[in-house]
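Below is the file structure_31.txt, which contains compact mmCIF, C-alpha atoms.
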# COMPACT_ATOMS: atom_id res chain seq x y z
CA MET X 1 69.35 65.79 87.70
CA ILE X 2 70.82 67.14 84.49
CA ASP X 3 73.38 64.72 83.13
CA ARG X 4 74.26 66.42 79.89
CA TYR X 5 77.96 66.82 80.43
CA SER X 6 80.31 65.93 78.36
CA LEU X 7 81.93 68.63 76.33
CA PRO X 8 84.79 67.12 74.34
CA ASP X 9 87.45 69.63 75.33
CA MET X 10 88.14 72.41 77.76
CA LYS X 11 87.93 75.34 75.37
CA LYS X 12 84.27 74.60 74.66
CA VAL X 13 83.43 74.93 78.35
CA TRP X 14 84.25 78.62 78.21
CA THR X 15 82.73 79.62 74.88
CA PRO X 16 80.04 82.34 75.00
CA GLY X 17 77.59 79.79 73.64
CA ASN X 18 78.18 77.39 76.50
CA LYS X 19 78.13 80.20 79.05
CA PHE X 20 74.65 81.25 77.94
CA GLN X 21 73.54 77.63 77.67
CA ARG X 22 74.44 77.17 81.34
CA CYS X 23 72.55 80.37 82.16
CA LEU X 24 69.55 78.94 80.32
CA ASP X 25 69.95 75.67 82.24
CA VAL X 26 69.65 77.67 85.46
CA GLU X 27 66.59 79.56 84.28
CA LEU X 28 64.87 76.37 83.14
CA ALA X 29 65.66 74.62 86.43
CA VAL X 30 64.07 77.50 88.36
CA CYS X 31 60.97 77.38 86.12
CA GLU X 32 60.68 73.65 86.72
CA ALA X 33 61.04 74.18 90.47
CA TYR X 34 58.22 76.72 90.39
CA CYS X 35 56.15 74.25 88.39
CA ARG X 36 56.68 71.48 90.96
CA LEU X 37 55.52 73.92 93.63
CA GLY X 38 52.40 74.76 91.61
CA GLU X 39 53.38 78.31 90.71
CA VAL X 40 54.02 77.78 86.98
CA PRO X 41 51.45 75.80 84.97
CA ILE X 42 52.83 72.68 83.34
CA GLU X 43 51.75 73.85 79.87
CA ASN X 44 53.74 77.06 80.28
CA LEU X 45 56.79 75.14 81.47
CA GLU X 46 56.58 72.86 78.45
CA GLU X 47 56.27 75.88 76.16
CA ILE X 48 59.30 77.51 77.79
CA LYS X 49 61.36 74.34 77.38
CA LYS X 50 60.29 74.03 73.75
CA THR X 51 60.87 77.63 72.66
CA ALA X 52 63.58 79.02 74.95
CA ARG X 53 66.69 79.60 72.91
CA PHE X 54 69.28 82.29 72.28
CA ASP X 55 71.67 83.56 69.66
CA VAL X 56 75.07 84.86 70.79
CA LYS X 57 75.24 87.46 68.01
CA ARG X 58 71.80 88.76 68.97
CA ILE X 59 72.83 88.91 72.65
CA ASP X 60 75.91 90.93 71.70
CA GLU X 61 73.73 93.27 69.67
CA ILE X 62 71.35 93.86 72.57
CA GLU X 63 74.20 94.21 75.07
CA ARG X 64 75.71 97.05 73.07
CA GLU X 65 72.51 98.94 73.84
CA VAL X 66 71.64 97.82 77.39
CA ARG X 67 75.24 97.26 78.57
CA HIS X 68 74.29 94.27 80.71
CA ASP X 69 75.00 90.76 79.46
CA ILE X 70 72.36 88.92 81.52
CA ILE X 71 69.64 91.42 80.61
CA ALA X 72 70.69 91.04 76.97
CA PHE X 73 70.55 87.26 77.32
CA LEU X 74 67.08 87.36 78.92
CA THR X 75 65.80 89.81 76.32
CA ASN X 76 66.94 87.50 73.54
CA VAL X 77 65.39 84.43 75.20
CA ASN X 78 62.12 86.27 75.75
CA GLU X 79 62.05 87.20 72.07
CA ASN X 80 61.63 83.49 71.34
CA VAL X 81 59.22 82.50 74.13
CA PRO X 82 55.58 83.60 73.84
CA PRO X 83 54.57 86.36 76.32
CA ARG X 84 52.09 84.08 78.12
CA SER X 85 55.04 81.95 79.19
CA ASN X 86 58.12 84.21 79.16
CA LYS X 87 56.73 86.12 82.17
CA TYR X 88 57.76 83.12 84.29
CA ILE X 89 61.42 83.28 83.24
CA HIS X 90 63.79 84.87 85.78
CA MET X 91 60.93 85.20 88.25
CA GLY X 92 62.27 86.30 91.66
CA LEU X 93 65.90 86.06 90.51
CA THR X 94 68.68 88.58 90.24
CA SER X 95 71.52 88.44 87.73
CA SER X 96 74.10 86.97 90.09
CA ASP X 97 71.77 84.10 90.96
CA VAL X 98 72.12 83.09 87.33
CA ILE X 99 75.79 84.03 86.88
CA ASP X 100 77.15 82.30 89.97
CA THR X 101 75.07 79.17 89.49
CA ALA X 102 76.06 79.00 85.83
CA ASN X 103 79.70 79.46 86.87
CA ALA X 104 79.30 76.46 89.17
CA LEU X 105 78.10 74.38 86.23
CA MET X 106 80.98 75.50 84.00
CA LEU X 107 83.55 74.91 86.73
CA ARG X 108 82.05 71.45 87.26
CA ASP X 109 82.47 70.75 83.55
CA ALA X 110 86.05 72.01 83.63
CA SER X 111 86.83 70.05 86.79
CA ASN X 112 85.64 66.78 85.28
CA ILE X 113 88.13 67.26 82.44
CA ILE X 114 90.96 68.13 84.82
CA ILE X 115 90.29 65.09 87.01
CA LYS X 116 90.50 62.86 83.93
CA ASP X 117 93.75 64.58 83.00
CA LEU X 118 95.13 63.95 86.48
CA ASP X 119 94.15 60.29 86.29
CA THR X 120 96.01 59.95 82.99
CA VAL X 121 99.15 61.64 84.30
CA ILE X 122 99.09 59.64 87.53
CA SER X 123 98.82 56.41 85.55
CA THR X 124 101.73 57.38 83.29
CA VAL X 125 104.00 58.39 86.18
CA LYS X 126 103.12 55.29 88.19
CA SER X 127 103.86 52.98 85.27
CA LEU X 128 107.22 54.66 84.66
CA ALA X 129 108.07 54.56 88.35
CA PHE X 130 107.55 50.81 88.62
CA LYS X 131 109.37 50.23 85.35
CA HIS X 132 112.44 51.99 86.75
CA LYS X 133 112.14 50.79 90.33
CA ASN X 134 115.69 49.42 90.18
CA THR X 135 117.27 51.92 87.75
CA VAL X 136 120.11 53.31 89.82
CA CYS X 137 120.72 57.06 89.82
CA ILE X 138 122.13 59.66 92.14
CA GLY X 139 120.07 61.52 94.70
CA ARG X 140 120.94 65.18 95.14
CA SER X 141 120.54 67.71 97.91
CA HIS X 142 121.35 71.39 97.37
CA GLY X 143 122.03 70.37 93.76
CA ILE X 144 125.02 68.32 94.96
CA HIS X 145 125.44 64.55 94.77
CA ALA X 146 124.18 62.98 97.99
CA GLU X 147 123.50 59.22 97.97
CA ILE X 148 122.21 56.56 95.61
CA ILE X 149 118.50 56.25 94.87
CA THR X 150 116.65 54.82 91.88
CA PHE X 151 114.92 56.74 89.14
CA GLY X 152 111.72 54.88 89.98
CA PHE X 153 111.99 56.10 93.58
CA LYS X 154 112.29 59.68 92.31
CA LEU X 155 109.13 59.19 90.26
CA LEU X 156 107.38 57.57 93.21
CA ASN X 157 107.74 60.87 95.03
CA TRP X 158 106.15 62.60 92.04
CA LEU X 159 103.32 60.09 92.10
CA ASP X 160 102.66 60.76 95.78
CA ILE X 161 102.57 64.52 95.17
CA LEU X 162 100.24 64.17 92.18
CA GLU X 163 97.81 61.97 94.09
CA ARG X 164 97.75 64.50 96.91
CA ALA X 165 97.15 67.34 94.44
CA LYS X 166 94.27 65.37 92.92
CA LYS X 167 92.71 64.72 96.34
CA ASN X 168 92.91 68.43 97.16
CA PHE X 169 91.48 69.39 93.78
CA ILE X 170 88.55 66.99 94.09
CA TYR X 171 87.71 68.54 97.46
CA THR X 172 87.70 72.09 96.10
CA SER X 173 85.89 71.10 92.90
CA ASP X 174 83.14 69.52 95.00
CA GLU X 175 82.93 72.67 97.10
CA VAL X 176 82.64 74.90 94.04
CA LYS X 177 79.53 72.98 92.87
CA THR X 178 77.43 75.45 94.82
CA GLY X 179 74.33 77.16 93.48
CA GLN X 180 72.12 79.98 94.74
CA MET X 181 68.77 81.57 93.94
CA SER X 182 68.34 83.89 96.90
CA GLY X 183 67.58 87.33 95.49
CA PRO X 184 69.22 90.78 95.64
CA VAL X 185 70.95 90.41 99.05
CA GLY X 186 70.37 86.73 99.74
CA THR X 187 67.28 86.97 101.95
CA TYR X 188 64.85 85.25 99.54
CA SER X 189 62.78 88.43 99.39
CA ASN X 190 61.05 87.47 96.12
CA ILE X 191 61.78 83.74 95.92
CA GLU X 192 61.41 80.89 98.37
CA PRO X 193 64.29 78.71 99.59
CA GLU X 194 62.38 75.67 98.36
CA VAL X 195 62.73 76.93 94.78
CA GLU X 196 66.50 77.14 95.23
CA LYS X 197 66.60 73.66 96.78
CA ILE X 198 64.67 72.04 93.93
CA ALA X 199 66.48 73.95 91.17
CA CYS X 200 69.90 73.04 92.58
CA GLU X 201 68.84 69.41 92.83
CA ILE X 202 67.84 69.48 89.15
CA LEU X 203 71.21 71.01 88.25
CA GLY X 204 73.20 68.63 90.43
CA LEU X 205 74.48 71.39 92.71
CA THR X 206 74.44 72.02 96.44
CA PRO X 207 72.52 75.10 97.61
CA ALA X 208 74.65 77.67 99.42
CA ARG X 209 74.00 77.69 103.17
CA VAL X 210 73.84 81.46 102.95
CA SER X 211 74.54 83.92 100.13
CA THR X 212 74.45 87.66 99.63
CA GLN X 213 73.35 87.82 95.98
CA ILE X 214 76.70 86.18 95.29
CA ILE X 215 78.38 83.02 96.52
CA ALA X 216 81.19 83.79 98.98
CA ARG X 217 84.43 84.16 97.04
CA ASP X 218 86.61 82.18 99.46
CA ILE X 219 85.10 79.10 97.78
CA TYR X 220 86.50 80.16 94.41
CA ALA X 221 89.79 81.22 95.97
CA ARG X 222 90.35 77.73 97.36
CA TYR X 223 89.49 76.27 93.97
CA LEU X 224 92.00 78.51 92.19
CA GLN X 225 94.59 77.70 94.85
CA SER X 226 94.15 73.99 94.14
CA LEU X 227 94.84 74.74 90.47
CA GLY X 228 97.87 76.75 91.55
CA ILE X 229 99.17 73.74 93.48
CA ILE X 230 98.76 71.52 90.42
CA ALA X 231 100.64 74.08 88.33
CA SER X 232 103.41 74.32 90.94
CA VAL X 233 103.98 70.59 91.21
CA ILE X 234 104.08 70.30 87.43
CA GLU X 235 106.71 73.03 87.46
CA GLN X 236 108.59 71.14 90.17
CA PHE X 237 108.79 68.07 87.93
CA ALA X 238 109.55 70.10 84.80
CA THR X 239 112.40 71.87 86.58
CA GLU X 240 113.88 68.51 87.56
CA ILE X 241 113.69 67.30 83.95
CA ARG X 242 115.40 70.49 82.80
CA HIS X 243 118.24 69.88 85.25
CA LEU X 244 118.61 66.23 84.33
CA GLN X 245 118.75 67.13 80.63
CA ARG X 246 121.70 69.50 81.08
CA THR X 247 124.67 68.47 78.92
CA GLU X 248 126.93 67.72 81.89
CA VAL X 249 124.20 65.60 83.56
CA ARG X 250 122.22 64.09 80.65
CA GLU X 251 120.32 61.50 82.62
CA VAL X 252 116.99 62.13 80.88
CA GLU X 253 115.86 64.01 77.79
CA GLU X 254 112.55 65.09 76.40
CA GLY X 255 111.61 63.12 73.31
CA PHE X 256 113.03 64.71 70.17
CA ALA X 257 111.24 64.22 66.85
CA SER X 258 113.25 63.03 63.84
CA HIS X 259 112.94 66.38 62.01
CA GLN X 260 112.86 68.61 65.08
CA LYS X 261 115.43 71.39 65.39
CA GLY X 262 116.64 72.82 68.67
CA SER X 263 118.35 76.01 67.57
CA SER X 264 118.56 78.19 64.49
CA ALA X 265 122.29 78.69 65.11
CA MET X 266 123.50 75.52 66.86
CA PRO X 267 122.56 72.23 65.16
CA HIS X 268 123.66 70.15 68.15
CA LYS X 269 120.99 71.55 70.47
CA ARG X 270 118.21 69.44 71.96
CA ASN X 271 116.56 71.75 74.44
CA PRO X 272 113.97 70.92 77.15
CA VAL X 273 111.52 73.35 75.58
CA LEU X 274 108.35 71.58 76.69
CA SER X 275 109.43 71.61 80.33
CA GLU X 276 110.50 75.24 80.07
CA ASN X 277 107.08 76.04 78.62
CA LEU X 278 105.39 74.42 81.61
CA CYS X 279 107.50 76.42 84.05
CA GLY X 280 106.40 79.64 82.40
CA LEU X 281 102.71 78.72 82.35
CA ALA X 282 102.80 77.75 86.03
CA ARG X 283 103.64 81.36 86.84
CA VAL X 284 100.46 82.51 85.10
CA VAL X 285 98.24 80.07 87.00
CA ARG X 286 99.83 80.99 90.34
CA SER X 287 99.33 84.68 89.65
CA ASN X 288 95.63 84.02 89.10
CA THR X 289 95.37 82.62 92.62
CA ILE X 290 96.37 86.03 93.95
CA THR X 291 93.51 87.62 92.01
CA ALA X 292 91.11 85.01 93.41
CA MET X 293 92.27 85.84 96.94
CA GLU X 294 91.74 89.55 96.34
CA ASN X 295 88.23 88.83 95.02
CA ILE X 296 87.21 87.72 98.52
CA ILE X 297 87.22 91.33 99.67
CA LEU X 298 84.03 92.97 98.39
CA TRP X 299 81.98 95.94 99.59
CA HIS X 300 79.13 95.06 101.92
CA GLU X 301 76.95 92.27 100.50
CA ARG X 302 78.49 92.56 97.05
CA ASP X 303 80.02 94.67 94.35
CA ILE X 304 81.24 93.61 90.90
CA SER X 305 84.97 94.16 91.26
CA HIS X 306 85.35 90.38 91.23
CA SER X 307 83.32 89.88 88.07
CA SER X 308 85.68 91.23 85.42
CA ALA X 309 88.62 89.34 86.90
CA GLU X 310 86.71 86.07 87.08
CA ARG X 311 85.85 86.27 83.40
CA VAL X 312 89.60 85.88 82.87
CA ILE X 313 90.93 83.72 85.70
CA PHE X 314 88.30 80.94 85.65
CA ALA X 315 88.72 80.21 81.96
CA ASP X 316 92.46 80.87 81.76
CA SER X 317 93.38 78.80 84.80
CA THR X 318 91.32 75.73 83.92
CA ILE X 319 92.36 75.86 80.26
CA LEU X 320 96.03 76.21 81.23
CA ILE X 321 95.90 73.35 83.74
CA ASP X 322 94.21 71.13 81.16
CA PHE X 323 96.95 72.03 78.68
CA MET X 324 99.77 71.64 81.21
CA LEU X 325 98.63 68.21 82.38
CA ASN X 326 98.36 66.98 78.81
CA ARG X 327 101.75 68.42 77.91
CA PHE X 328 103.38 66.93 81.00
CA ASN X 329 101.86 63.56 80.18
CA GLU X 330 103.33 63.86 76.67
CA ILE X 331 106.76 64.56 78.17
CA MET X 332 106.61 61.61 80.53
CA SER X 333 105.25 59.26 77.87
CA ASN X 334 108.18 60.08 75.56
CA LEU X 335 110.91 60.63 78.14
CA VAL X 336 114.32 59.31 77.06
CA ILE X 337 116.14 57.79 80.02
CA HIS X 338 119.92 57.37 79.85
CA GLU X 339 120.50 54.62 82.38
CA LYS X 340 124.24 54.37 81.63
CA ASN X 341 124.73 58.04 82.35
CA MET X 342 122.78 57.68 85.58
CA LEU X 343 125.07 54.88 86.67
CA LYS X 344 128.18 56.75 85.55
CA ASN X 345 127.20 59.81 87.56
CA THR X 346 126.94 57.76 90.75
CA ASP X 347 130.66 56.98 90.49
CA MET X 348 131.96 60.48 89.84
CA TYR X 349 135.31 61.24 91.51
CA GLY X 350 135.76 57.61 92.42
CA GLY X 351 132.57 57.23 94.39
CA ILE X 352 132.59 60.24 96.75
CA ILE X 353 128.93 59.56 97.51
CA TYR X 354 130.02 56.59 99.63
CA SER X 355 131.63 58.97 102.12
CA GLN X 356 129.14 58.22 104.90
CA LYS X 357 129.72 54.49 104.58
CA VAL X 358 133.46 55.03 105.02
CA LEU X 359 132.86 57.40 107.92
CA LEU X 360 130.69 54.88 109.75
CA LYS X 361 133.17 52.09 109.05
CA LEU X 362 136.01 54.07 110.60
CA VAL X 363 133.86 54.84 113.67
CA GLU X 364 132.99 51.15 113.90
CA LYS X 365 136.71 50.42 114.00
CA GLY X 366 137.16 52.63 117.04
CA LEU X 367 138.04 56.05 115.60
CA SER X 368 136.15 59.06 116.98
CA ARG X 369 133.55 60.52 114.67
CA GLU X 370 135.40 63.83 114.52
CA ASP X 371 138.71 62.22 113.53
CA ALA X 372 137.01 59.90 111.04
CA TYR X 373 135.21 62.87 109.49
CA ILE X 374 138.51 64.69 108.93
CA ILE X 375 140.03 61.71 107.12
CA VAL X 376 137.01 61.12 104.90
CA GLN X 377 136.38 64.77 104.09
CA ARG X 378 140.04 65.34 103.23
CA ASN X 379 140.02 62.57 100.68
CA ALA X 380 136.60 63.45 99.26
CA LEU X 381 137.46 67.11 98.72
CA ASP X 382 140.83 66.20 97.23
CA ALA X 383 139.10 63.91 94.71
CA MET X 384 136.73 66.70 93.65
CA ASP X 385 139.33 69.46 93.61
CA ASN X 386 141.89 67.46 91.65
CA ASN X 387 139.57 65.17 89.65
CA THR X 388 141.02 62.04 91.21
CA SER X 389 139.52 58.93 92.78
CA PHE X 390 138.10 59.06 96.30
CA ARG X 391 138.39 55.29 96.55
CA ASP X 392 142.06 55.26 95.53
CA GLY X 393 142.78 58.17 97.83
CA LEU X 394 141.51 56.22 100.81
CA ILE X 395 143.50 53.15 99.83
CA ASN X 396 146.65 55.28 99.75
CA ASP X 397 145.85 57.25 102.91
CA ASN X 398 147.98 56.05 105.82
CA ASP X 399 145.54 57.36 108.43
CA ALA X 400 142.65 55.46 106.86
CA ARG X 401 144.71 52.31 106.36
CA LYS X 402 145.55 52.14 110.08
CA TYR X 403 141.94 51.10 110.57
CA LEU X 404 140.71 49.69 107.25
CA SER X 405 142.11 47.10 104.90
CA GLU X 406 141.84 47.54 101.16
CA ASP X 407 139.01 44.97 101.05
CA GLU X 408 137.17 46.79 103.81
CA ILE X 409 137.47 50.05 101.89
CA HIS X 410 136.13 48.40 98.75
CA SER X 411 133.23 46.95 100.74
CA CYS X 412 132.09 50.49 101.58
CA PHE X 413 131.50 51.13 97.87
CA ASP X 414 128.68 48.59 97.53
CA MET X 415 125.45 50.28 96.39
CA SER X 416 123.15 47.44 97.39
CA GLY X 417 122.89 48.67 100.96
CA TYR X 418 121.35 51.93 99.82
CA LEU X 419 118.59 50.14 97.95
CA ARG X 420 117.64 47.44 100.43
CA ASN X 421 114.33 49.14 101.38
CA ILE X 422 113.22 50.23 97.91
CA ASN X 423 110.80 47.33 97.58
CA LYS X 424 109.18 48.20 100.92
CA ILE X 425 108.58 51.77 99.76
CA PHE X 426 107.10 50.60 96.46
CA GLU X 427 104.76 48.21 98.30
CA ARG X 428 102.95 51.27 99.66
CA PHE X 429 101.90 52.12 96.10
CA GLU X 430 100.77 48.68 94.96
CA TYR X 431 97.05 49.25 94.49

Written form, structure tokens:
Amino acid sequence: MIDRYSLPDMKKVWTPGNKFQRCLDVELAVCEAYCRLGEVPIENLEEIKKTARFDVKRIDEIEREVRHDIIAFLTNVNENVPPRSNKYIHMGLTSSDVIDTANALMLRDASNIIIKDLDTVISTVKSLAFKHKNTVCIGRSHGIHAEIITFGFKLLNWLDILERAKKNFIYTSDEVKTGQMSGPVGTYSNIEPEVEKIACEILGLTPARVSTQIIARDIYARYLQSLGIIASVIEQFATEIRHLQRTEVREVEEGFASHQKGSSAMPHKRNPVLSENLCGLARVVRSNTITAMENIILWHERDISHSSAERVIFADSTILIDFMLNRFNEIMSNLVIHEKNMLKNTDMYGGIIYSQKVLLKLVEKGLSREDAYIIVQRNALDAMDNNTSFRDGLINDNDARKYLSEDEIHSCFDMSGYLRNINKIFERFEY
């Protein structure tokens, strides 16, 4: 097996030089397979390995004349390999055998980087979640204060989502490691299946069960969808950060450098620009999944309507996800957390978020749920509408006081009950 990966960063995966190197890897693997089967002499194989090389500028020059990148690539390689040996290069293959198998190698390279990125982000989020396991904040539904949670619990949900996204991505990245050398319509008319089997083994790929000159595009669609899911969950988290950084909330903030400026006009501004950037990029990655879905539909055994689009969406999507994961990790690593503001927000309007506790206490005392609801809702809405205290309103409400003493009302405003199972939830992530 070829174990020559590791390119230091994502952009190098998609350079023309690396693309043609992966094409050459495929051609060399096929030559070696033929040699193992006794159809290419060992001395010719060694000569091919020694002399086969290419020059991107020369390929471009040839392509301007022949208007076919793989033919230009092969012409350039054959210029460097002696005729007695170059006749064995590309033997029995068609262009898509090389293109699709090379794509599998490049996507494998890109996937390895993305998996490392995911591991880094997951580690950062997990560490922050456990650090803030007991940092009290408000949980919201419909954007409205609901009940008390902890900031660590919020991040634990993010951790769970990220781990699921990683699991899904690993599945699709394994599936996309599929190679083929099956000829013009996939029937092995001028090449034997054993050549494909050996060549794919050399390359570390799985041979396609069946192919039609191209690998079925539903495989790539699922891969792009898994990238779209990663982009979407990053946007989910970035959107939450943007909300929590709003002036009237201010529970978290993106890190702000000492000489950074937020606005050309308003010196007070510290904007969540990194999170906003991620939200915009997620839209691009998601849109590429639509293109990947449309690439499934091809004429008969193949056409090349998918090809031009894939030259864009494979590189753009993997590069963007690599960038987004690194940027999100930067945000989380430098996130400023305002614990006092979190605590303050839980007690807005005199603790209206304890409304259910009061409701249940009144029912416990013998009041019907409907009547108890009226009393509690009346006081809660009055506190919000008039910026008063829900707690004080209940203490001064004759209907409530018929059933609850002042101490009993105060006992409903104890946050500890909301957090009694936090440790049990966190135990599920202790690994």

Just the residues within 12 Å of Gly152 (chain X), please, counting only C-alpha atoms, with nothing from its chain fewer than 3 positions along; format it as JSON, numbers by chain.
{"X": [125, 126, 127, 128, 129, 130, 131, 132, 133, 134, 135, 136, 137, 138, 139, 149, 155, 156, 157, 158, 159, 337, 339, 419, 422, 423, 425, 426, 429]}

Between X:Met342, X:Ile71, X:Ile122, X:Leu24, which is the closest to Val249 (chain X) once you count only C-alpha atoms?
X:Met342

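Nearest to Leu381 (chain X) of all the residues X:Glu364, X:Asp55, X:Glu430, X:Gly351 is X:Gly351, counting all atoms listed in the file.
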
Need the shell around Ile42 (chain X): protein/DNA/RNA residues with any atom at most 10 Å away, counting only C-alpha atoms. Skip same-chain ones fewer than 6 positions apart. Format as a ChimeraX atom specification?
/X:31-32,34-36,48

Residue contacts of region 305-322 of chain X (10 Å, only C-alpha atoms) excluding same-chain residues fewer than 5 positions away, as a PDB file with C-alpha atoms, in the coordinates of the input:
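As a result, out-v8.pdb now contains:
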ATOM      1  CA  ASP X   9      87.450  69.630  75.330  1.00  0.00           C
ATOM      2  CA  MET X  10      88.140  72.410  77.760  1.00  0.00           C
ATOM      3  CA  LYS X  11      87.930  75.340  75.370  1.00  0.00           C
ATOM      4  CA  LYS X  12      84.270  74.600  74.660  1.00  0.00           C
ATOM      5  CA  VAL X  13      83.430  74.930  78.350  1.00  0.00           C
ATOM      6  CA  TRP X  14      84.250  78.620  78.210  1.00  0.00           C
ATOM      7  CA  THR X  15      82.730  79.620  74.880  1.00  0.00           C
ATOM      8  CA  SER X  96      74.100  86.970  90.090  1.00  0.00           C
ATOM      9  CA  ILE X  99      75.790  84.030  86.880  1.00  0.00           C
ATOM     10  CA  ASP X 100      77.150  82.300  89.970  1.00  0.00           C
ATOM     11  CA  ASN X 103      79.700  79.460  86.870  1.00  0.00           C
ATOM     12  CA  MET X 106      80.980  75.500  84.000  1.00  0.00           C
ATOM     13  CA  LEU X 107      83.550  74.910  86.730  1.00  0.00           C
ATOM     14  CA  ALA X 110      86.050  72.010  83.630  1.00  0.00           C
ATOM     15  CA  SER X 111      86.830  70.050  86.790  1.00  0.00           C
ATOM     16  CA  ILE X 113      88.130  67.260  82.440  1.00  0.00           C
ATOM     17  CA  ILE X 114      90.960  68.130  84.820  1.00  0.00           C
ATOM     18  CA  ILE X 115      90.290  65.090  87.010  1.00  0.00           C
ATOM     19  CA  LYS X 116      90.500  62.860  83.930  1.00  0.00           C
ATOM     20  CA  ASP X 117      93.750  64.580  83.000  1.00  0.00           C
ATOM     21  CA  LEU X 118      95.130  63.950  86.480  1.00  0.00           C
ATOM     22  CA  ARG X 217      84.430  84.160  97.040  1.00  0.00           C
ATOM     23  CA  TYR X 220      86.500  80.160  94.410  1.00  0.00           C
ATOM     24  CA  TYR X 223      89.490  76.270  93.970  1.00  0.00           C
ATOM     25  CA  LEU X 224      92.000  78.510  92.190  1.00  0.00           C
ATOM     26  CA  LEU X 227      94.840  74.740  90.470  1.00  0.00           C
ATOM     27  CA  GLY X 228      97.870  76.750  91.550  1.00  0.00           C
ATOM     28  CA  ILE X 230      98.760  71.520  90.420  1.00  0.00           C
ATOM     29  CA  ALA X 231     100.640  74.080  88.330  1.00  0.00           C
ATOM     30  CA  ILE X 234     104.080  70.300  87.430  1.00  0.00           C
ATOM     31  CA  LEU X 278     105.390  74.420  81.610  1.00  0.00           C
ATOM     32  CA  LEU X 281     102.710  78.720  82.350  1.00  0.00           C
ATOM     33  CA  ALA X 282     102.800  77.750  86.030  1.00  0.00           C
ATOM     34  CA  VAL X 284     100.460  82.510  85.100  1.00  0.00           C
ATOM     35  CA  VAL X 285      98.240  80.070  87.000  1.00  0.00           C
ATOM     36  CA  ARG X 286      99.830  80.990  90.340  1.00  0.00           C
ATOM     37  CA  SER X 287      99.330  84.680  89.650  1.00  0.00           C
ATOM     38  CA  ASN X 288      95.630  84.020  89.100  1.00  0.00           C
ATOM     39  CA  THR X 289      95.370  82.620  92.620  1.00  0.00           C
ATOM     40  CA  THR X 291      93.510  87.620  92.010  1.00  0.00           C
ATOM     41  CA  ALA X 292      91.110  85.010  93.410  1.00  0.00           C
ATOM     42  CA  GLU X 294      91.740  89.550  96.340  1.00  0.00           C
ATOM     43  CA  ASN X 295      88.230  88.830  95.020  1.00  0.00           C
ATOM     44  CA  ILE X 296      87.210  87.720  98.520  1.00  0.00           C
ATOM     45  CA  ILE X 297      87.220  91.330  99.670  1.00  0.00           C
ATOM     46  CA  LEU X 298      84.030  92.970  98.390  1.00  0.00           C
ATOM     47  CA  TRP X 299      81.980  95.940  99.590  1.00  0.00           C
ATOM     48  CA  ARG X 327     101.750  68.420  77.910  1.00  0.00           C
TER      49      ARG X 327
END

For region 77-79 of chain X, list every protein, DNA or RNA residue within 9 Å, evaluated using only C-alpha atoms, and leave out those in the same chain fewer than 5 positions away; present the list as a ChimeraX atom specification.
/X:24,51-55,72,85-87,89

Quick one: residues within 9 Å of Thr187 (chain X), only C-alpha atoms, excluding same-chain residues fewer than 5 positions away - as a list in words?
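The contact residues come out as Ser182, Val210, Ser211, Thr212 and Gln213 of chain X.
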
Quick one: pull the distance between CA of Ser275 (chain X) and CA of Thr150 (chain X), Å, one decimal.
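Those two atoms sit 21.6 Å apart.
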
Work out how far CA of Arg164 (chain X) is from CA of Met324 (chain X), in Å to one decimal.
17.4 Å

Could you state the separation of CA of His142 (chain X) and CA of Leu244 (chain X) in Å, given to one decimal place?
14.3 Å
